[in-house]
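Asks: Provided herewith: entry_16.cif, mmCIF, C-alpha atoms.
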data_structure
#
loop_
_atom_site.label_atom_id
_atom_site.label_comp_id
_atom_site.auth_asym_id
_atom_site.auth_seq_id
_atom_site.Cartn_x
_atom_site.Cartn_y
_atom_site.Cartn_z
CA MET A 22 31.48 -73.78 -15.72
CA THR A 23 28.49 -75.82 -16.93
CA ARG A 24 26.93 -75.49 -20.37
CA ARG A 25 23.81 -74.02 -18.74
CA GLN A 26 25.91 -71.33 -17.04
CA LEU A 27 27.68 -70.61 -20.30
CA LEU A 28 24.39 -70.26 -22.14
CA ALA A 29 23.21 -67.83 -19.49
CA THR A 30 25.99 -65.44 -20.51
CA THR A 31 24.64 -65.16 -24.07
CA ILE A 32 21.41 -64.27 -25.78
CA ALA A 33 19.46 -67.55 -25.79
CA LEU A 34 20.80 -70.00 -28.36
CA PRO A 35 18.60 -72.34 -30.38
CA SER A 36 18.20 -75.84 -29.01
CA PRO A 37 20.91 -78.36 -29.97
CA ALA A 38 18.02 -80.56 -31.10
CA LEU A 39 17.37 -78.04 -33.88
CA LEU A 40 20.99 -78.33 -34.99
CA ARG A 41 20.56 -82.07 -35.34
CA ARG A 42 17.17 -81.80 -37.04
CA ASP A 43 17.71 -78.82 -39.35
CA PRO A 44 21.29 -77.44 -39.34
CA GLU A 45 20.62 -74.67 -41.85
CA LEU A 46 17.70 -73.32 -39.83
CA TYR A 47 19.85 -73.48 -36.69
CA TRP A 48 22.63 -71.41 -38.21
CA LYS A 49 20.16 -69.04 -39.82
CA ARG A 50 18.75 -68.32 -36.37
CA ILE A 51 22.22 -67.90 -34.93
CA ARG A 52 22.97 -65.17 -37.48
CA ALA A 53 19.62 -63.44 -37.04
CA ASP A 54 19.51 -63.61 -33.23
CA GLN A 55 23.16 -63.28 -32.24
CA PHE A 56 24.64 -60.84 -34.75
CA LEU A 57 23.85 -57.37 -36.05
CA LEU A 58 24.73 -58.27 -39.64
CA PRO A 59 22.06 -56.96 -42.05
CA GLU A 60 20.51 -59.38 -44.54
CA TRP A 61 22.19 -57.64 -47.46
CA ARG A 62 25.71 -58.03 -46.12
CA VAL A 63 27.78 -60.91 -47.50
CA TYR A 64 30.81 -61.05 -45.24
CA LEU A 65 33.53 -63.45 -46.37
CA ASN A 66 36.55 -61.79 -44.77
CA ASN A 67 36.60 -63.09 -41.21
CA GLY A 68 40.30 -63.78 -41.64
CA SER A 69 40.95 -60.04 -41.49
CA LEU A 70 38.46 -59.05 -38.81
CA GLY A 71 35.80 -61.07 -37.04
CA VAL A 72 32.25 -60.05 -36.22
CA PRO A 73 31.43 -59.77 -32.49
CA PRO A 74 27.98 -61.07 -31.48
CA LYS A 75 25.43 -59.04 -29.56
CA SER A 76 26.49 -60.54 -26.23
CA VAL A 77 30.02 -59.21 -26.73
CA LEU A 78 28.76 -55.76 -27.62
CA ALA A 79 26.54 -55.82 -24.54
CA ALA A 80 29.48 -56.82 -22.35
CA VAL A 81 31.63 -53.97 -23.68
CA GLN A 82 28.83 -51.43 -23.24
CA GLU A 83 28.02 -52.64 -19.73
CA SER A 84 31.70 -52.48 -18.81
CA LEU A 85 32.07 -48.93 -20.10
CA THR A 86 28.92 -47.88 -18.25
CA ARG A 87 30.02 -49.53 -15.03
CA GLY A 88 33.41 -47.88 -15.27
CA ALA A 89 31.98 -44.43 -15.96
CA SER A 90 29.68 -44.71 -12.94
CA LEU A 91 32.54 -45.78 -10.61
CA VAL A 92 30.29 -48.22 -8.79
CA ASP A 93 33.25 -50.60 -8.32
CA ASP A 94 36.11 -50.02 -5.93
CA HIS A 95 38.86 -50.48 -8.49
CA TYR A 96 40.05 -48.55 -11.51
CA PRO A 97 38.03 -49.21 -14.72
CA ARG A 98 41.17 -49.96 -16.73
CA TRP A 99 43.94 -52.44 -17.38
CA GLY A 100 47.62 -51.88 -18.07
CA TYR A 101 48.86 -51.96 -14.48
CA GLU A 102 46.82 -55.03 -13.48
CA THR A 103 47.48 -58.68 -14.28
CA LEU A 104 43.78 -59.58 -14.71
CA ASP A 105 44.31 -62.98 -13.13
CA ASP A 106 40.66 -64.07 -13.31
CA LEU A 107 40.44 -63.51 -17.06
CA ARG A 108 43.84 -65.04 -17.72
CA THR A 109 42.87 -68.09 -15.67
CA GLU A 110 39.73 -68.58 -17.75
CA LEU A 111 41.55 -68.07 -21.04
CA ALA A 112 44.45 -70.31 -20.03
CA ALA A 113 42.09 -73.17 -19.18
CA TRP A 114 40.56 -72.89 -22.64
CA LEU A 115 43.91 -72.50 -24.44
CA GLY A 116 45.57 -75.33 -22.55
CA CYS A 117 48.38 -73.48 -20.82
CA GLY A 118 49.18 -72.06 -17.40
CA LYS A 119 47.79 -68.71 -16.32
CA ASP A 120 51.30 -67.50 -15.53
CA GLU A 121 52.39 -68.33 -19.09
CA LEU A 122 49.73 -66.10 -20.64
CA ALA A 123 49.83 -62.34 -21.19
CA LEU A 124 47.12 -60.17 -22.72
CA THR A 125 48.13 -57.87 -25.58
CA HIS A 126 46.32 -55.68 -28.09
CA ASN A 127 46.74 -58.07 -31.04
CA ALA A 128 49.02 -60.74 -32.49
CA THR A 129 51.18 -58.06 -34.13
CA GLU A 130 52.09 -56.68 -30.72
CA ALA A 131 52.70 -60.18 -29.38
CA MET A 132 55.01 -61.06 -32.29
CA SER A 133 56.92 -57.80 -31.87
CA THR A 134 57.26 -58.44 -28.13
CA ILE A 135 58.82 -61.81 -28.89
CA ALA A 136 61.16 -60.65 -31.64
CA ASN A 137 62.30 -57.51 -29.84
CA GLY A 138 62.55 -59.23 -26.46
CA LEU A 139 64.85 -62.11 -27.37
CA ASP A 140 68.60 -61.64 -27.07
CA LEU A 141 70.03 -62.32 -30.51
CA LYS A 142 73.39 -61.13 -31.83
CA ALA A 143 74.88 -60.44 -35.23
CA GLY A 144 75.20 -63.67 -37.17
CA ASP A 145 72.36 -65.46 -35.38
CA GLU A 146 69.74 -66.75 -37.80
CA VAL A 147 65.94 -66.69 -37.72
CA VAL A 148 64.13 -69.00 -40.13
CA ILE A 149 60.64 -68.01 -41.32
CA THR A 150 58.47 -69.04 -44.28
CA ASP A 151 57.49 -67.08 -47.38
CA GLN A 152 53.84 -67.20 -46.29
CA GLU A 153 54.18 -65.10 -43.14
CA HIS A 154 51.94 -62.14 -42.39
CA PRO A 155 53.86 -58.82 -42.39
CA SER A 156 53.52 -58.87 -38.60
CA GLY A 157 55.26 -62.24 -38.50
CA ARG A 158 58.04 -61.19 -40.87
CA ASN A 159 58.84 -57.54 -40.20
CA PRO A 160 59.72 -57.74 -36.47
CA TRP A 161 62.54 -60.10 -37.46
CA LEU A 162 63.55 -57.89 -40.41
CA LEU A 163 63.74 -54.90 -38.05
CA LYS A 164 66.01 -56.93 -35.77
CA GLN A 165 68.10 -57.85 -38.81
CA ALA A 166 68.46 -54.18 -39.81
CA ARG A 167 69.23 -53.05 -36.27
CA TYR A 168 71.37 -55.85 -34.85
CA GLY A 169 72.74 -57.73 -37.84
CA ILE A 170 70.94 -61.02 -37.37
CA SER A 171 70.10 -63.03 -40.48
CA VAL A 172 66.53 -63.79 -41.58
CA ARG A 173 66.01 -66.65 -44.04
CA GLU A 174 62.72 -67.53 -45.74
CA VAL A 175 61.67 -71.08 -46.59
CA PRO A 176 59.51 -71.32 -49.72
CA ILE A 177 56.29 -73.27 -49.21
CA PRO A 178 54.76 -75.04 -52.23
CA LEU A 179 51.38 -73.76 -53.44
CA PRO A 180 49.84 -76.00 -52.34
CA PRO A 181 51.98 -78.47 -50.34
CA LYS A 182 51.27 -82.17 -50.74
CA SER A 183 51.03 -83.25 -47.10
CA PRO A 184 51.72 -82.20 -43.51
CA ASP A 185 54.85 -84.37 -43.50
CA GLN A 186 56.21 -82.67 -46.61
CA LEU A 187 55.56 -79.27 -45.04
CA ALA A 188 57.20 -80.21 -41.74
CA ASP A 189 60.24 -81.61 -43.54
CA LEU A 190 60.64 -78.47 -45.66
CA ILE A 191 60.53 -76.15 -42.67
CA THR A 192 62.59 -78.14 -40.19
CA SER A 193 65.26 -79.15 -42.71
CA ALA A 194 65.98 -75.43 -43.14
CA ILE A 195 67.36 -75.30 -39.59
CA GLY A 196 71.09 -74.79 -39.80
CA PRO A 197 74.04 -74.43 -37.40
CA ARG A 198 73.41 -70.67 -36.92
CA THR A 199 69.63 -70.96 -36.53
CA ARG A 200 68.46 -69.72 -33.15
CA VAL A 201 64.74 -69.16 -33.84
CA LEU A 202 62.16 -70.84 -36.06
CA SER A 203 59.11 -68.58 -36.53
CA PHE A 204 56.10 -69.69 -38.57
CA SER A 205 52.33 -69.44 -38.82
CA GLY A 206 50.06 -72.08 -37.32
CA ILE A 207 47.56 -71.16 -40.04
CA THR A 208 48.92 -68.99 -42.85
CA THR A 209 47.15 -65.75 -43.63
CA THR A 210 47.93 -66.09 -47.34
CA THR A 211 46.32 -69.45 -48.13
CA GLY A 212 44.66 -70.68 -44.92
CA LEU A 213 47.15 -73.54 -44.72
CA ILE A 214 47.21 -75.38 -41.36
CA THR A 215 50.79 -76.30 -40.55
CA PRO A 216 51.78 -79.34 -38.45
CA VAL A 217 52.70 -77.18 -35.47
CA ARG A 218 53.62 -79.87 -32.97
CA GLN A 219 55.76 -81.80 -35.43
CA ILE A 220 57.68 -78.64 -36.36
CA CYS A 221 58.09 -77.40 -32.79
CA GLU A 222 59.32 -80.74 -31.49
CA ALA A 223 61.89 -80.94 -34.29
CA ALA A 224 63.06 -77.42 -33.43
CA ARG A 225 63.31 -78.26 -29.74
CA ALA A 226 65.35 -81.37 -30.51
CA LYS A 227 67.84 -79.10 -32.30
CA GLY A 228 67.93 -76.51 -29.52
CA VAL A 229 66.06 -73.92 -31.58
CA ILE A 230 63.40 -71.56 -30.15
CA SER A 231 59.98 -72.03 -31.75
CA VAL A 232 57.59 -69.11 -32.31
CA VAL A 233 54.05 -69.75 -33.57
CA ASP A 234 52.06 -66.93 -35.15
CA GLY A 235 48.64 -68.27 -34.15
CA ALA A 236 46.58 -65.24 -35.19
CA HIS A 237 44.21 -67.45 -37.18
CA MET A 238 44.19 -70.41 -34.82
CA ASN A 239 42.36 -69.47 -31.63
CA GLY A 240 38.68 -69.81 -32.41
CA GLN A 241 39.04 -71.26 -35.90
CA ILE A 242 40.24 -74.72 -34.90
CA PRO A 243 40.14 -76.53 -31.54
CA LEU A 244 43.60 -76.27 -29.99
CA ARG A 245 45.64 -76.88 -26.83
CA ILE A 246 48.88 -74.93 -26.66
CA SER A 247 50.35 -77.48 -24.27
CA GLU A 248 50.16 -80.04 -27.07
CA PHE A 249 52.17 -77.86 -29.48
CA ASN A 250 55.37 -77.94 -27.42
CA CYS A 251 56.16 -74.42 -28.69
CA ASP A 252 58.12 -71.74 -26.84
CA PHE A 253 55.97 -68.77 -27.87
CA PHE A 254 52.49 -68.32 -29.36
CA ALA A 255 50.76 -65.13 -30.54
CA GLY A 256 46.99 -64.93 -30.91
CA SER A 257 44.30 -62.54 -32.18
CA PRO A 258 40.91 -63.36 -30.62
CA HIS A 259 39.25 -60.62 -32.68
CA LYS A 260 39.43 -62.79 -35.80
CA TRP A 261 37.74 -66.07 -34.92
CA LEU A 262 36.92 -65.93 -31.20
CA PHE A 263 34.18 -63.25 -31.49
CA ALA A 264 36.19 -60.71 -29.46
CA PRO A 265 36.13 -56.97 -30.19
CA PRO A 266 39.13 -55.46 -31.99
CA GLY A 267 42.05 -54.53 -29.79
CA CYS A 268 42.78 -57.63 -27.75
CA GLY A 269 45.46 -60.25 -28.29
CA LEU A 270 47.25 -63.14 -26.61
CA LEU A 271 50.89 -63.90 -25.87
CA TYR A 272 51.91 -67.34 -24.60
CA ILE A 273 55.40 -67.70 -23.15
CA ARG A 274 56.57 -71.15 -22.09
CA GLU A 275 57.43 -70.94 -18.41
CA SER A 276 61.04 -71.89 -19.03
CA MET A 277 61.32 -68.95 -21.46
CA LEU A 278 59.90 -66.25 -19.18
CA ASP A 279 63.30 -65.06 -17.98
CA ARG A 280 64.76 -65.04 -21.50
CA LEU A 281 62.35 -62.42 -22.84
CA TRP A 282 62.70 -58.68 -22.26
CA PRO A 283 59.56 -56.50 -22.05
CA ASN A 284 59.18 -53.89 -24.81
CA VAL A 285 57.01 -51.44 -22.84
CA GLU A 286 58.05 -50.47 -19.34
CA THR A 287 56.23 -49.04 -16.36
CA GLY A 288 56.11 -50.04 -12.71
CA GLY A 289 56.66 -53.76 -12.25
CA TRP A 290 58.41 -54.41 -15.55
CA ASP A 291 61.25 -56.09 -13.68
CA ASP A 292 59.12 -57.97 -11.13
CA ARG A 293 59.75 -61.54 -12.22
CA THR A 294 57.26 -62.89 -9.68
CA LEU A 295 54.56 -61.56 -12.06
CA LYS A 296 55.76 -64.10 -14.66
CA ALA A 297 53.84 -63.52 -17.95
CA GLY A 298 51.93 -60.71 -16.23
CA ARG A 299 55.16 -58.70 -16.46
CA PHE A 300 54.49 -58.34 -20.19
CA MET A 301 51.14 -56.61 -19.58
CA ARG A 302 52.57 -53.46 -17.97
CA TYR A 303 51.43 -51.07 -20.70
CA GLY A 304 49.96 -48.15 -18.79
CA THR A 305 46.28 -47.20 -18.87
CA ASN A 306 44.20 -49.21 -21.36
CA ASN A 307 40.53 -49.96 -21.96
CA ILE A 308 39.43 -52.88 -19.77
CA SER A 309 36.07 -53.05 -21.58
CA ILE A 310 37.77 -54.65 -24.56
CA PHE A 311 38.78 -57.59 -22.40
CA ASP A 312 35.34 -57.83 -20.83
CA GLY A 313 34.24 -58.28 -24.44
CA LEU A 314 36.88 -60.95 -24.95
CA ARG A 315 35.53 -62.86 -21.96
CA ALA A 316 32.03 -62.70 -23.45
CA GLY A 317 33.35 -63.86 -26.82
CA LEU A 318 35.12 -66.81 -25.22
CA ARG A 319 31.97 -67.83 -23.36
CA PHE A 320 29.87 -67.51 -26.51
CA HIS A 321 32.37 -69.74 -28.31
CA GLN A 322 32.30 -72.28 -25.48
CA ALA A 323 28.50 -72.27 -25.35
CA LEU A 324 28.28 -73.19 -29.02
CA GLY A 325 31.16 -75.65 -28.71
CA PRO A 326 34.56 -75.53 -30.49
CA GLU A 327 33.91 -78.74 -32.42
CA VAL A 328 30.41 -77.61 -33.46
CA ILE A 329 31.84 -74.32 -34.71
CA PHE A 330 34.69 -76.00 -36.59
CA ASP A 331 32.39 -78.54 -38.23
CA ARG A 332 30.21 -75.70 -39.55
CA ILE A 333 32.90 -73.35 -40.78
CA HIS A 334 35.01 -76.14 -42.27
CA SER A 335 31.98 -77.55 -44.06
CA LEU A 336 31.34 -74.14 -45.60
CA ALA A 337 35.00 -73.87 -46.60
CA GLN A 338 34.81 -77.32 -48.20
CA GLY A 339 31.95 -75.99 -50.31
CA VAL A 340 34.02 -72.96 -51.29
CA ARG A 341 36.94 -75.14 -52.30
CA LYS A 342 34.72 -77.50 -54.29
CA GLN A 343 33.14 -74.63 -56.21
CA ALA A 344 36.52 -73.05 -56.89
CA ALA A 345 37.94 -76.35 -58.13
CA ALA A 346 35.09 -76.67 -60.65
CA ARG A 347 36.15 -73.49 -62.48
CA THR A 348 38.87 -73.77 -65.11
CA TYR A 349 39.95 -70.16 -64.70
CA VAL A 350 40.78 -70.75 -61.01
CA GLU A 351 43.99 -72.21 -59.56
CA LEU A 352 43.61 -73.40 -55.96
CA LEU A 353 46.38 -72.48 -53.55
CA THR A 354 44.81 -74.07 -50.47
CA PRO A 355 45.52 -77.83 -50.27
CA GLY A 356 42.78 -80.40 -50.73
CA ASP A 357 43.98 -82.46 -47.77
CA GLU A 358 41.30 -82.00 -45.08
CA ARG A 359 43.96 -81.81 -42.38
CA MET A 360 45.55 -78.78 -44.00
CA TYR A 361 42.81 -76.15 -44.05
CA GLY A 362 40.04 -74.96 -41.79
CA ALA A 363 37.80 -72.04 -42.73
CA MET A 364 39.92 -70.14 -45.26
CA VAL A 365 40.35 -70.98 -48.94
CA THR A 366 42.62 -69.07 -51.32
CA PHE A 367 42.82 -69.34 -55.10
CA ARG A 368 44.49 -67.55 -57.96
CA ILE A 369 42.68 -66.13 -60.99
CA ARG A 370 44.54 -67.56 -63.98
CA ARG A 371 43.66 -64.51 -66.05
CA GLY A 372 45.47 -62.29 -63.61
CA ASP A 373 44.01 -59.02 -62.35
CA THR A 374 41.44 -59.33 -59.56
CA LYS A 375 40.49 -55.65 -59.60
CA PRO A 376 37.28 -56.19 -61.63
CA LEU A 377 36.18 -58.86 -59.16
CA PHE A 378 36.74 -56.67 -56.11
CA GLU A 379 34.85 -53.83 -57.77
CA ALA A 380 31.92 -56.11 -58.64
CA CYS A 381 31.85 -57.54 -55.11
CA ALA A 382 31.90 -54.05 -53.59
CA ARG A 383 28.88 -53.06 -55.67
CA ARG A 384 27.02 -56.10 -54.35
CA ARG A 385 28.10 -55.61 -50.74
CA ILE A 386 30.22 -58.78 -50.83
CA TRP A 387 33.28 -58.41 -48.61
CA ILE A 388 36.29 -60.56 -49.57
CA SER A 389 40.06 -60.37 -49.21
CA GLY A 390 43.06 -61.10 -51.40
CA GLY A 391 45.64 -59.47 -53.61
CA ALA A 392 46.40 -58.51 -57.19
CA ASP A 393 46.03 -62.05 -58.51
CA ARG A 394 44.43 -64.02 -55.69
CA VAL A 395 41.27 -64.20 -53.60
CA ARG A 396 40.82 -65.46 -50.04
CA ILE A 397 37.39 -66.53 -48.78
CA SER A 398 36.82 -66.89 -45.02
CA THR A 399 33.73 -68.58 -43.60
CA HIS A 400 32.35 -68.35 -40.07
CA ILE A 401 29.11 -69.35 -38.36
CA HIS A 402 27.31 -66.25 -39.63
CA THR A 403 28.17 -67.21 -43.22
CA ARG A 404 25.16 -68.48 -45.19
CA PRO A 405 25.33 -70.91 -48.11
CA ALA A 406 23.60 -68.16 -50.10
CA ASP A 407 26.58 -65.89 -49.35
CA VAL A 408 28.94 -68.38 -50.98
CA GLU A 409 26.60 -68.69 -53.97
CA ALA A 410 26.41 -64.92 -54.34
CA PHE A 411 30.18 -64.71 -54.48
CA PHE A 412 30.59 -67.43 -57.10
CA THR A 413 27.80 -65.98 -59.20
CA THR A 414 29.71 -62.70 -59.21
CA LEU A 415 32.98 -64.52 -59.94
CA ASP A 416 31.45 -66.20 -63.00
CA GLU A 417 30.00 -62.95 -64.29
CA VAL A 418 33.45 -61.36 -64.16
CA TYR A 419 35.58 -64.25 -65.49
CA GLY A 420 33.26 -67.00 -66.73
#
Can you dump the structure from the file as structure tokens?
Replies:
Amino acid sequence: MTRRQLLATTIALPSPALLRRDPELYWKRIRADQFLLPEWRVYLNNGSLGVPPKSVLAAVQESLTRGASLVDDHYPRWGYETLDDLRTELAAWLGCGKDELALTHNATEAMSTIANGLDLKAGDEVVITDQEHPSGRNPWLLKQARYGISVREVPIPLPPKSPDQLADLITSAIGPRTRVLSFSGITTTTGLITPVRQICEAARAKGVISVVDGAHMNGQIPLRISEFNCDFFAGSPHKWLFAPPGCGLLYIRESMLDRLWPNVETGGWDDRTLKAGRFMRYGTNNISIFDGLRAGLRFHQALGPEVIFDRIHSLAQGVRKQAAARTYVELLTPGDERMYGAMVTFRIRRGDTKPLFEACARRRIWISGGADRVRISTHIHTRPADVEAFFTTLDEVYG
């Protein structure tokens, strides 16, 4: 599909010449023209839930309307269908085969499908890290409680020094009983980008199954799953790929398709000719969500993955620089440019973050974090003024 065709699927984008001439004006127009975000909203929590642009909303609405009118000669649903056209388009972008890709509702479901679907017995070991999302940890803990496998966590330094150090820490934890190595491609806790290929290739060399929780990867950083050499990959397009909530991705290496059991069963669950499509037999679901995913993918492609990453990483660099300048802040996201994308996490040395979250709520600033830490996520709708508003509030609370 040409760039012109891609642009035709969206509300008209500003000229690339404007991006070269005046980047801030370009991105200001993108926010104003493409999104419904009001001027007063400072949204710095894309890592939890992304913001779909107008073109995605229009695609979902049009799909619902078309389905309700029954103008097409097929059911307005998914859950019994393999959606080959959409999977083909997504697979081309992700860098995998269509028959290796299943559509899910989110990365949580994909991770649970992997953990529950693999044959593991008492005494088998799964290695994870201490920075996993609950959805990347708890499916393995459930399997431990139910079947007697062993789950072992590898502590990750805050922050690590280099990708090599991180890869060595994780892969050296593989032992004689290790059957699965499960880790995040980008951690939800600190925004750390892990050296996925290096880790997966080391696991493969030791005969260990590799599982990548890629919830934060698709859309945040340019990627090709084929280059990771992983066995499984879970994605959440609703975070960074502009998709509506309720759609996810599950990649299964072709050689692993027959080693995974489906978790939800209806007609066709045992039809192995469906390949990854066998893991989409959920029963009736809302197809309009995936029509929105297609629109989000095309919007992302029209802007360009590298253009998007350059913008959101530049904003994150600014966040990290501002955080580093404050003595009451301890950065948890590494300074190495290879090791973070659009999320920056830091700890408040004075402890409790409750006053900060309360102050941000009063000012309509949406952030994420925990009792002693704050995570800032930047996307293309983030304005430099949004970052300034947050740090002004931070200084008023702790400065």
Asks: Pick the closest to A:Ala136 from A:Asn307, A:Ser193, A:Asn284, A:Thr294: which is it, counting only C-alpha atoms?
Replies: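 Of A:Asn307, A:Ser193, A:Asn284, A:Thr294, the one nearest A:Ala136, counting only C-alpha atoms, is A:Asn284.
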Asks: Between A:Leu352, A:Val340, A:Val63, A:Leu104, single out the one closest to A:Ala410, counting all atoms listed in the file.
Replies: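 Looking at the shortest contact to A:Ala410, the residue is A:Val63.
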Asks: Taking into account all atoms listed in the file, which residue in the set A:Leu190, A:Leu107, A:Ala128, A:Leu115 is nearest to A:Thr215?
Replies: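 Counting all atoms listed in the file, the residue closest to A:Thr215 is A:Leu190.
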Asks: Mind giving me the straight-line distance from atom CA of A:Ala316 to atom CA of A:Ala80 in Å, one decimal?
Replies: 6.5 Å
Asks: Dump as CSV the rows for residues of stretch 297-384 of chain A within 12 Å of stretch 83-88 of chain A: closest atom pair and distance in Å with one decimal, all atoms listed in the file counted, ordered by chain and rising residue number.
Replies:
residue,atom,partner,partner_atom,distance
A:Asn307,CA,A:Leu85,CA,8.7
A:Ile308,CA,A:Ser84,CA,7.8
A:Ser309,CA,A:Ser84,CA,5.2
A:Ile310,CA,A:Ser84,CA,8.6
A:Phe311,CA,A:Ser84,CA,9.4
A:Asp312,CA,A:Ser84,CA,6.8
A:Gly313,CA,A:Ser84,CA,8.5
A:Leu314,CA,A:Ser84,CA,11.7
A:Arg315,CA,A:Ser84,CA,11.5
A:Ala316,CA,A:Ser84,CA,11.2
Asks: Residues picked by the PyMOL selection byres ((chain A and resi 194) around 12) here, as a count of residues only?
Replies: 32
Asks: Could you give me, as a list in words, the residues within 7 Å of A:Lys260, counting all atoms listed in the file and dropping anything in the same chain fewer than 4 positions from it?
Replies: Asn67, Gly68, Ser69, Leu70, Gly71 and His237 of chain A
Asks: Determine the nearest neighbour of A:Phe367 from the options A:Pro181, A:Gly256, A:Gly212, A:Pro37, counting all atoms listed in the file.
Replies: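 Using all atoms listed in the file, A:Phe367 sits closest to A:Gly212.
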Asks: Smallest atom-to-atom distance to A:Arg50: which of A:Ile32, A:Val72, A:Val408, A:Ala79, using only C-alpha atoms?
Replies: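 The closest residue to A:Arg50 is A:Ile32.
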Asks: Compile the contact shell of stretch 238-248 of chain A as a ChimeraX atom specification: residues with an atom at most 10 Å away, counting only C-alpha atoms, same-chain residues fewer than 6 positions apart removed.
Replies: /A:68,112-118,205-208,214,217-218,254-264,270,272,274,317-318,321-322,325-331,333-334,361-364,399-400
Asks: Could you give me, as a list in words, the residues within 8 Å of A:Val365, counting all atoms listed in the file and dropping anything in the same chain fewer than 4 positions from it?
Replies: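 Those residues are Thr211, Gly212, Ala337, Val340, Arg341, Leu353, Thr354, Tyr361, Arg396, Ile397 and Ser398 of chain A.
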Asks: Nearest to A:Leu295 among A:Thr414, A:Gln55, A:Ser90, A:Thr103, with distances taken over all atoms listed in the file: which residue is it?
Replies: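 Selected residue with least distance to A:Leu295: A:Thr103.
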Asks: Determine, counting all atoms listed in the file, which protein, DNA and RNA residues have an atom within 10 Å of an atom of A:Pro155; residues of the same chain fewer than 6 positions away are not included. Present the result as a list in words.
Replies: Thr129, Leu162 and Thr209 of chain A
Asks: Using atom CA of A:Asp185 and atom CA of A:Arg368 as the two end points, give the distance in Å to one decimal.
Replies: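 Calculated distance between atom CA of A:Asp185 and atom CA of A:Arg368 is 24.5 Å.
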Asks: At what distance in Å, to one decimal, does atom CA of A:Val81 lie from atom CA of A:Arg319?
Replies: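 Between atom CA of A:Arg319 and atom CA of A:Val81 the gap works out to 13.9 Å.
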